[in-house]
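Some notes on the structure that comes next.
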Amino acid sequence: MLRPSAWPWWVQVLVVHGAARLLSAGVLALVARTQAANPWTGAAPSYLEYVGLMWDGSWYRQIAEDGYPEGLPRGEDGRVLQNAWAFFPLFPVLVRTGSALTGLPWQVLAPSLALLIGAAAMLVVNRVVVLALTRPTGNGGPALDEGRAASAGLLAVVLLTTAAASPVLQVAYTESLALLLLAAVLWCVLSHRYLLAVPVVLALGLTRAVALPVLAVVLVHALVRYRAARSWTTQGAADRSPTSGPASGTVTLVPDGVRGFAPRDRWRLLVLALAAVLAGVLWPAWVGLATGEGEAYVLTQAAWRARQEVLPVLPWIDVATWLLGGFGPVLLGGLVLVVGLALASRPARRVGPELSAWTGAYAAYLLVVVEPGTSLVRFATLAFPVAAVVALGVLDLGRPWVRRLAVGGLVAAGLVAQVAWVALLWRLVPPSGWPP
């Protein structure tokens with residue numbers, strides 16, 4: 001998998017992803033035989049029932065078949081109960097449309113659609129990684145040659161598609177769709193197709209609550225282009241100067257659209273930045289208008305929180321204290337520092353400023369808006385540039401046999417982690433369990 005292949009890149013990606021999904025299907029089918037009766041399925045459900053109805057899959061099914069409630073359901077104490085408004089509409093709408101066209105039931109169509117979308121996501125992820133690694137640097141040369149970048153792109157897919165929570169790419173969840181849309185937005189930005197990214201980021205805003213960190217990518221990309229344009233014009237002025245005096249370094253602006261940061265691209269990036277902000281608030285605003293309560297989305301999210309309210313950062317401190325006592329917050333602060341240093345390190349920067357910006361912004365976003373728990377393993381799927389960083393590290397290993405051993409070890413560890421994820425999290429042992 002690290003050597004050039006006669007197969008086209010897309011065939012390699014689909015073969016790797018298909019093999020990984022077959023292995024995950026085997027794990028899910030075996031674990032399903034041990035599943036006890038639960039609120040969503042009977043004991044020992046079929047494979048399709050297991051991947052289509054468990055956990056949030058039944059919430060999405062309710063949305064697809066019955067729509068959203070007219071208002072916010074409340075308990076006798078007046079608190080908002082857990083309800084379908086917490087879940088974004090694009091995936092269930094796609095399944096409902098497909099069901100109307102094919103007549104297939106939810107438990108067949110939803111996981112099948114997620115599986116197909118996941119395959120498309122892996123293709124786009126591969127292209128994003130290769131594009132990020134082969135773009136010209138400030139010195140005018142490629143960051144990596146095409147062969148090495150292709151190996152890194154394929155290996156990144158291998159690591160991502162065999163990771164602990166990768167079975168989520170074939171169940172009735174939104175990870176596949178969110179990963180596809182996110183990767184598509186990043187590809188549009190890297191290839192300067194800014195207006196094409198606008199509808200994609202809006203669709204992302206109707207899929208998962210992860211659109212807002214895209215703003216960081218847009219801003220970093222704009223800064224990179226601005227600095228590159230200034231650097232080029234400065235160098236051009238110095239090269240044209242007949243003297244070596246102080247004036248030879250004077251910045252002389254060249255016509256935009258030649259090598260610089262053209263005004264049309266600046267405006268398009270501004271439109272994309274505004275679209276990212278809109279996408280980040282689109283669903284909460286929609287929920288507020290539909291229910292007649294401005295804070296309806298936040299109140300719904302609070303129904304899943306231990307404190308029964310949405311607070312930034314504090315839930316992380318609560319969980320750290322619960323696990324480790326007074327030392328917990330100190331360790332949490334140290335962990336945040338380590339993650340920050342890792343994201344700023346040279347290995348992380350090798351994938352380019354935009355992918356680094358996404359990873360850092362997404363990590364910060366999770367720290368601010370998410371209550372930490374076992375679902376973080378699943379959330380990590382969208383931090384796919386980390387897989388590219390690890391892939392580059394593996395390719396840097398000296399001898400081919402060492403690289404093959406490292407790849408084999410990482411894949412084996414991922415498969416073992418998958419078994420643990422499905423058996424310990426996806427399988428529910430009544431009356432309660434940790435969510436996947």
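FYI, nothing fancy with the structure tokens labels: chains A, B, ... in order, residues from 1 per chain, ligands from 1 as they appear.
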Selection: 9 Å around Thr41 in chain A, only C-alpha atoms, excl. self and same-chain fewer than 5 positions, as a ChimeraX atom specification: /A:35-36,49-50,53-54
The selected residues should be written to file as an mmCIF file, in the first residue's frame (atoms: C-alpha atoms).
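Output saved as selection.cif:
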```
data_model
loop_
_atom_site.group_PDB
_atom_site.id
_atom_site.type_symbol
_atom_site.label_atom_id
_atom_site.label_comp_id
_atom_site.auth_asym_id
_atom_site.auth_seq_id
_atom_site.Cartn_x
_atom_site.Cartn_y
_atom_site.Cartn_z
ATOM 1 C CA GLN A 35 -27.252 -7.641 21.757
ATOM 2 C CA ALA A 36 -29.996 -7.762 24.372
ATOM 3 C CA GLU A 49 -31.610 -3.468 12.156
ATOM 4 C CA TYR A 50 -28.420 -3.145 14.175
ATOM 5 C CA LEU A 53 -32.020 1.564 14.319
ATOM 6 C CA MET A 54 -29.611 1.703 17.250
#
```
Who sits within 7 Å of range 379-388 of chain A, only C-alpha atoms, same chain under 5 positions skipped, as a compact mmCIF listing (two decimals) with N, CA and C atoms, in the first residue's frame:
```txt
# COMPACT_ATOMS: atom_id res chain seq x y z
N VAL A 129 -5.91 15.59 0.76
CA VAL A 129 -4.58 15.36 1.31
C VAL A 129 -3.52 15.51 0.22
N ALA A 152 1.00 9.15 0.73
CA ALA A 152 0.48 9.72 1.98
C ALA A 152 -1.04 9.81 1.94
N GLY A 153 -1.61 10.19 0.78
CA GLY A 153 -3.07 10.28 0.67
C GLY A 153 -3.74 8.94 0.85
N ALA A 156 -3.38 7.82 4.51
CA ALA A 156 -4.31 8.56 5.36
C ALA A 156 -5.70 7.92 5.31
N LEU A 159 -5.68 4.67 7.39
CA LEU A 159 -5.76 4.91 8.83
C LEU A 159 -7.14 5.40 9.24
N LEU A 160 -7.74 6.26 8.42
CA LEU A 160 -9.05 6.80 8.76
C LEU A 160 -10.13 5.73 8.68
N LEU A 179 -18.45 14.16 6.83
CA LEU A 179 -17.07 14.02 6.36
C LEU A 179 -16.97 14.37 4.88
N LEU A 355 -5.42 22.80 6.52
CA LEU A 355 -5.79 21.58 7.24
C LEU A 355 -5.40 21.68 8.71
N THR A 359 -8.08 21.47 11.95
CA THR A 359 -7.89 20.58 13.09
C THR A 359 -7.88 21.37 14.40
```
Give me, as CSV, the closest atom pair and its distance (Å, one decimal) for every residue of range 316-367 of chain A within a cut-off of 8 Å of range 209-229 of chain A, counting only C-alpha atoms, rows sorted by chain and rising number.
```
residue,atom,partner,partner_atom,distance
A:Pro353,CA,A:Val220,CA,6.9
A:Glu354,CA,A:Val217,CA,5.2
A:Leu355,CA,A:Val217,CA,7.5
A:Ala357,CA,A:Val217,CA,5.4
A:Trp358,CA,A:Val217,CA,5.6
A:Ala361,CA,A:Pro213,CA,5.3
A:Tyr362,CA,A:Pro213,CA,5.7
A:Tyr365,CA,A:Pro213,CA,6.8
```
Could you pull the residues within 12 Å of range 302-311 of chain A, counting only C-alpha atoms, minus those fewer than 4 positions along the same chain, as JSON, numbers by chain? {"A": [72, 73, 74, 75, 78, 79, 80, 81, 82, 83, 84, 85, 86, 295, 296, 297, 298, 315, 316, 317, 318, 319, 367, 368, 369, 370, 371, 372, 373, 435]}
Could you turn the residues from that selection into a file that holds N, CA and C atoms, as a tab-separated table (two decimals), in the first residue's frame?
```
chain	number	residue	atom	x	y	z
A	72	LEU	N	-41.63	22.34	21.53
A	72	LEU	CA	-40.67	21.67	22.39
A	72	LEU	C	-41.41	20.83	23.42
A	73	PRO	N	-41.23	19.52	23.40
A	73	PRO	CA	-41.87	18.69	24.43
A	73	PRO	C	-41.25	18.96	25.79
A	74	ARG	N	-42.08	19.09	26.80
A	74	ARG	CA	-41.61	19.41	28.15
A	74	ARG	C	-42.18	18.41	29.15
A	75	GLY	N	-41.41	18.20	30.22
A	75	GLY	CA	-41.87	17.35	31.30
A	75	GLY	C	-42.76	18.11	32.26
A	78	GLY	N	-41.51	21.31	33.61
A	78	GLY	CA	-41.32	22.41	32.66
A	78	GLY	C	-40.04	22.34	31.87
A	79	ARG	N	-39.16	21.40	32.23
A	79	ARG	CA	-37.90	21.27	31.48
A	79	ARG	C	-38.15	20.63	30.12
A	80	VAL	N	-37.36	21.07	29.15
A	80	VAL	CA	-37.45	20.50	27.82
A	80	VAL	C	-36.91	19.07	27.83
A	81	LEU	N	-37.65	18.16	27.22
A	81	LEU	CA	-37.25	16.76	27.15
A	81	LEU	C	-36.36	16.53	25.93
A	82	GLN	N	-35.64	15.42	25.92
A	82	GLN	CA	-34.88	15.04	24.74
A	82	GLN	C	-35.85	14.88	23.58
A	83	ASN	N	-35.49	15.48	22.44
A	83	ASN	CA	-36.42	15.47	21.31
A	83	ASN	C	-35.67	15.60	19.99
A	84	ALA	N	-36.39	15.45	18.89
A	84	ALA	CA	-35.78	15.35	17.57
A	84	ALA	C	-35.14	16.64	17.09
A	85	TRP	N	-35.49	17.79	17.71
A	85	TRP	CA	-34.90	19.05	17.25
A	85	TRP	C	-33.38	19.10	17.46
A	86	ALA	N	-32.84	18.21	18.25
A	86	ALA	CA	-31.39	18.18	18.45
A	86	ALA	C	-30.65	17.65	17.23
A	295	GLU	N	-34.46	30.22	21.96
A	295	GLU	CA	-33.40	29.37	22.50
A	295	GLU	C	-33.77	27.89	22.44
A	296	ALA	N	-34.64	27.54	21.52
A	296	ALA	CA	-35.15	26.17	21.48
A	296	ALA	C	-34.04	25.15	21.26
A	297	TYR	N	-33.11	25.45	20.38
A	297	TYR	CA	-32.04	24.48	20.10
A	297	TYR	C	-31.15	24.30	21.32
A	298	VAL	N	-30.79	25.40	21.97
A	298	VAL	CA	-29.94	25.31	23.17
A	298	VAL	C	-30.67	24.57	24.28
A	315	PRO	N	-18.16	21.83	31.47
A	315	PRO	CA	-18.37	20.38	31.53
A	315	PRO	C	-17.08	19.57	31.49
A	316	TRP	N	-16.07	20.06	30.78
A	316	TRP	CA	-14.79	19.37	30.75
A	316	TRP	C	-14.14	19.38	32.14
A	317	ILE	N	-14.25	20.51	32.82
A	317	ILE	CA	-13.70	20.60	34.18
A	317	ILE	C	-14.47	19.67	35.11
A	318	ASP	N	-15.80	19.63	34.94
A	318	ASP	CA	-16.62	18.74	35.77
A	318	ASP	C	-16.21	17.29	35.59
A	319	VAL	N	-16.05	16.86	34.34
A	319	VAL	CA	-15.70	15.47	34.07
A	319	VAL	C	-14.29	15.16	34.57
A	367	LEU	N	-13.96	21.71	22.56
A	367	LEU	CA	-13.70	22.10	23.95
A	367	LEU	C	-14.76	23.08	24.45
A	368	VAL	N	-15.23	23.94	23.57
A	368	VAL	CA	-16.15	24.99	23.99
A	368	VAL	C	-17.59	24.49	24.04
A	369	VAL	N	-18.02	23.69	23.05
A	369	VAL	CA	-19.45	23.42	22.92
A	369	VAL	C	-19.87	22.00	23.30
A	370	VAL	N	-18.93	21.07	23.46
A	370	VAL	CA	-19.29	19.67	23.66
A	370	VAL	C	-19.09	19.28	25.12
A	371	GLU	N	-20.02	18.49	25.63
A	371	GLU	CA	-19.82	17.86	26.93
A	371	GLU	C	-19.02	16.58	26.72
A	372	PRO	N	-17.83	16.46	27.31
A	372	PRO	CA	-16.96	15.32	26.98
A	372	PRO	C	-17.57	14.00	27.40
A	373	GLY	N	-17.33	12.99	26.58
A	373	GLY	CA	-17.83	11.65	26.86
A	373	GLY	C	-17.32	10.69	25.82
A	435	PRO	N	-22.99	6.20	25.36
A	435	PRO	CA	-23.33	6.36	23.93
A	435	PRO	C	-22.10	6.30	23.05
```
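Nearest residue to Ala183 in chain A, choosing from A:Leu195, A:Leu90, A:Val201, A:Ala25 and counting only C-alpha atoms: A:Val201.
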Leaving out range 17-24 of chain A and any residue of its chain fewer than 4 positions from it, which residues lie within 7 Å of it when counting only C-alpha atoms, given as a PDB file with C-alpha atoms, in the first residue's frame?
```
ATOM      1  CA  VAL A  13      -9.126   4.119  -2.269  1.00  0.00           C
ATOM      2  CA  LEU A  28     -21.126  -5.507  13.828  1.00  0.00           C
ATOM      3  CA  ALA A 119     -16.998   5.831   0.071  1.00  0.00           C
ATOM      4  CA  THR A 161     -11.143   3.931   7.441  1.00  0.00           C
ATOM      5  CA  THR A 162      -9.761   1.456   9.982  1.00  0.00           C
ATOM      6  CA  PRO A 167     -17.906   1.547  11.700  1.00  0.00           C
TER       7      PRO A 167
END
```
Residues within 10 Å of Leu269 in chain A, only C-alpha atoms, excluding chain neighbours under 3 positions, as a CSV table (one decimal) with N, CA and C atoms, in the first residue's frame:
```csv
chain,number,residue,atom,x,y,z
A,189,VAL,N,-11.6,25.2,-1.1
A,189,VAL,CA,-10.8,26.2,-0.6
A,189,VAL,C,-9.4,26.1,-1.2
A,192,HIS,N,-9.2,27.0,-4.8
A,192,HIS,CA,-9.6,28.3,-5.0
A,192,HIS,C,-11.0,28.4,-5.7
A,193,ARG,N,-11.8,27.4,-5.4
A,193,ARG,CA,-13.2,27.4,-5.9
A,193,ARG,C,-14.1,27.9,-4.8
A,194,TYR,N,-14.0,29.1,-4.5
A,194,TYR,CA,-14.7,29.6,-3.3
A,194,TYR,C,-16.2,29.7,-3.4
A,195,LEU,N,-16.7,30.1,-4.5
A,195,LEU,CA,-18.2,30.2,-4.6
A,195,LEU,C,-18.8,28.8,-4.6
A,197,ALA,N,-17.8,26.4,-2.9
A,197,ALA,CA,-17.9,25.9,-1.5
A,197,ALA,C,-19.0,26.5,-0.7
A,198,VAL,N,-19.7,27.6,-1.2
A,198,VAL,CA,-20.8,28.2,-0.4
A,198,VAL,C,-21.9,27.2,-0.2
A,218,VAL,N,-11.1,29.5,6.3
A,218,VAL,CA,-11.2,30.6,5.3
A,218,VAL,C,-10.3,31.7,5.7
A,219,LEU,N,-10.3,32.1,6.9
A,219,LEU,CA,-9.5,33.3,7.4
A,219,LEU,C,-8.0,32.9,7.2
A,221,HIS,N,-6.6,30.8,5.2
A,221,HIS,CA,-6.4,30.7,3.7
A,221,HIS,C,-6.2,32.1,3.1
A,222,ALA,N,-7.1,33.0,3.5
A,222,ALA,CA,-7.0,34.4,3.0
A,222,ALA,C,-5.7,35.0,3.4
A,263,PRO,N,-8.9,41.0,-6.5
A,263,PRO,CA,-10.1,41.4,-5.8
A,263,PRO,C,-11.2,40.5,-5.9
A,264,ARG,N,-11.4,39.9,-7.0
A,264,ARG,CA,-12.6,38.9,-7.2
A,264,ARG,C,-12.4,37.8,-6.2
A,265,ASP,N,-11.2,37.3,-6.0
A,265,ASP,CA,-11.0,36.2,-5.0
A,265,ASP,C,-11.2,36.7,-3.6
A,266,ARG,N,-10.8,37.9,-3.3
A,266,ARG,CA,-11.1,38.5,-2.0
A,266,ARG,C,-12.6,38.5,-1.6
A,272,LEU,N,-17.7,33.4,1.2
A,272,LEU,CA,-17.6,32.1,1.8
A,272,LEU,C,-17.5,32.2,3.3
A,273,ALA,N,-16.7,33.2,3.8
A,273,ALA,CA,-16.6,33.4,5.3
A,273,ALA,C,-18.0,33.7,5.9
A,274,LEU,N,-18.8,34.6,5.2
A,274,LEU,CA,-20.1,34.9,5.7
A,274,LEU,C,-21.0,33.6,5.6
A,275,ALA,N,-20.8,32.8,4.6
A,275,ALA,CA,-21.6,31.6,4.5
A,275,ALA,C,-21.3,30.6,5.6
```
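Put simply, CA of Arg33 in chain A is 23.7 Å away from CA of Val377 in chain A.
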Quick check, in Å to one decimal: how far apart do CA of Arg399 in chain A and CA of Leu133 in chain A lie? 22.0 Å
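With CA of Thr300 in chain A on one side and CA of Leu177 in chain A on the other, the separation reads 22.8 Å.
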Please provide the set of residues having any atom within 10 Å of Leu410 in chain A, restricted to only C-alpha atoms, with same-chain residues fewer than 5 positions apart removed, written as a VMD selection string. chain A and resid 158 to 159 162 to 163 390 394 404 to 405 415 to 416
Generate a file of the selected residues that holds C-alpha atoms, formatted as an mmCIF file, in the first residue's frame.
```cif
data_model
loop_
_atom_site.group_PDB
_atom_site.id
_atom_site.type_symbol
_atom_site.label_atom_id
_atom_site.label_comp_id
_atom_site.auth_asym_id
_atom_site.auth_seq_id
_atom_site.Cartn_x
_atom_site.Cartn_y
_atom_site.Cartn_z
ATOM 1 C CA VAL A 158 -6.168 3.484 5.333
ATOM 2 C CA LEU A 159 -5.755 4.913 8.828
ATOM 3 C CA THR A 162 -9.761 1.456 9.982
ATOM 4 C CA ALA A 163 -9.889 3.765 13.013
ATOM 5 C CA VAL A 390 0.533 10.202 10.936
ATOM 6 C CA VAL A 394 5.187 6.609 8.698
ATOM 7 C CA ARG A 404 5.272 -1.914 6.441
ATOM 8 C CA LEU A 405 5.538 -2.980 10.074
ATOM 9 C CA LEU A 415 -9.232 -3.098 14.109
ATOM 10 C CA VAL A 416 -8.871 -4.047 17.772
#
```
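Closest approach to Leu30 in chain A among A:Gly57, A:Gly260, A:Gly118, A:Pro45: A:Pro45, based on only C-alpha atoms.
Proximity to Glu70 in chain A at 8 Å, evaluated using only C-alpha atoms and with sequence-adjacent residues fewer than 2 positions away removed, yields Tyr68, Leu72, Ala290 and Thr291 of chain A.
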Generate the output file for the selected residues, C-alpha atoms, as an mmCIF file, in the first residue's frame.
```
data_model
loop_
_atom_site.group_PDB
_atom_site.id
_atom_site.type_symbol
_atom_site.label_atom_id
_atom_site.label_comp_id
_atom_site.auth_asym_id
_atom_site.auth_seq_id
_atom_site.Cartn_x
_atom_site.Cartn_y
_atom_site.Cartn_z
ATOM 1 C CA TYR A 68 -40.103 17.214 13.811
ATOM 2 C CA LEU A 72 -40.667 21.671 22.387
ATOM 3 C CA ALA A 290 -40.158 26.707 13.903
ATOM 4 C CA THR A 291 -40.908 26.353 17.608
#
```
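When only C-alpha atoms are used to measure the gap to Leu144 in chain A, the shortest distance among A:Gly294, A:Gly42, A:Val277, A:Ala132 belongs to A:Ala132.
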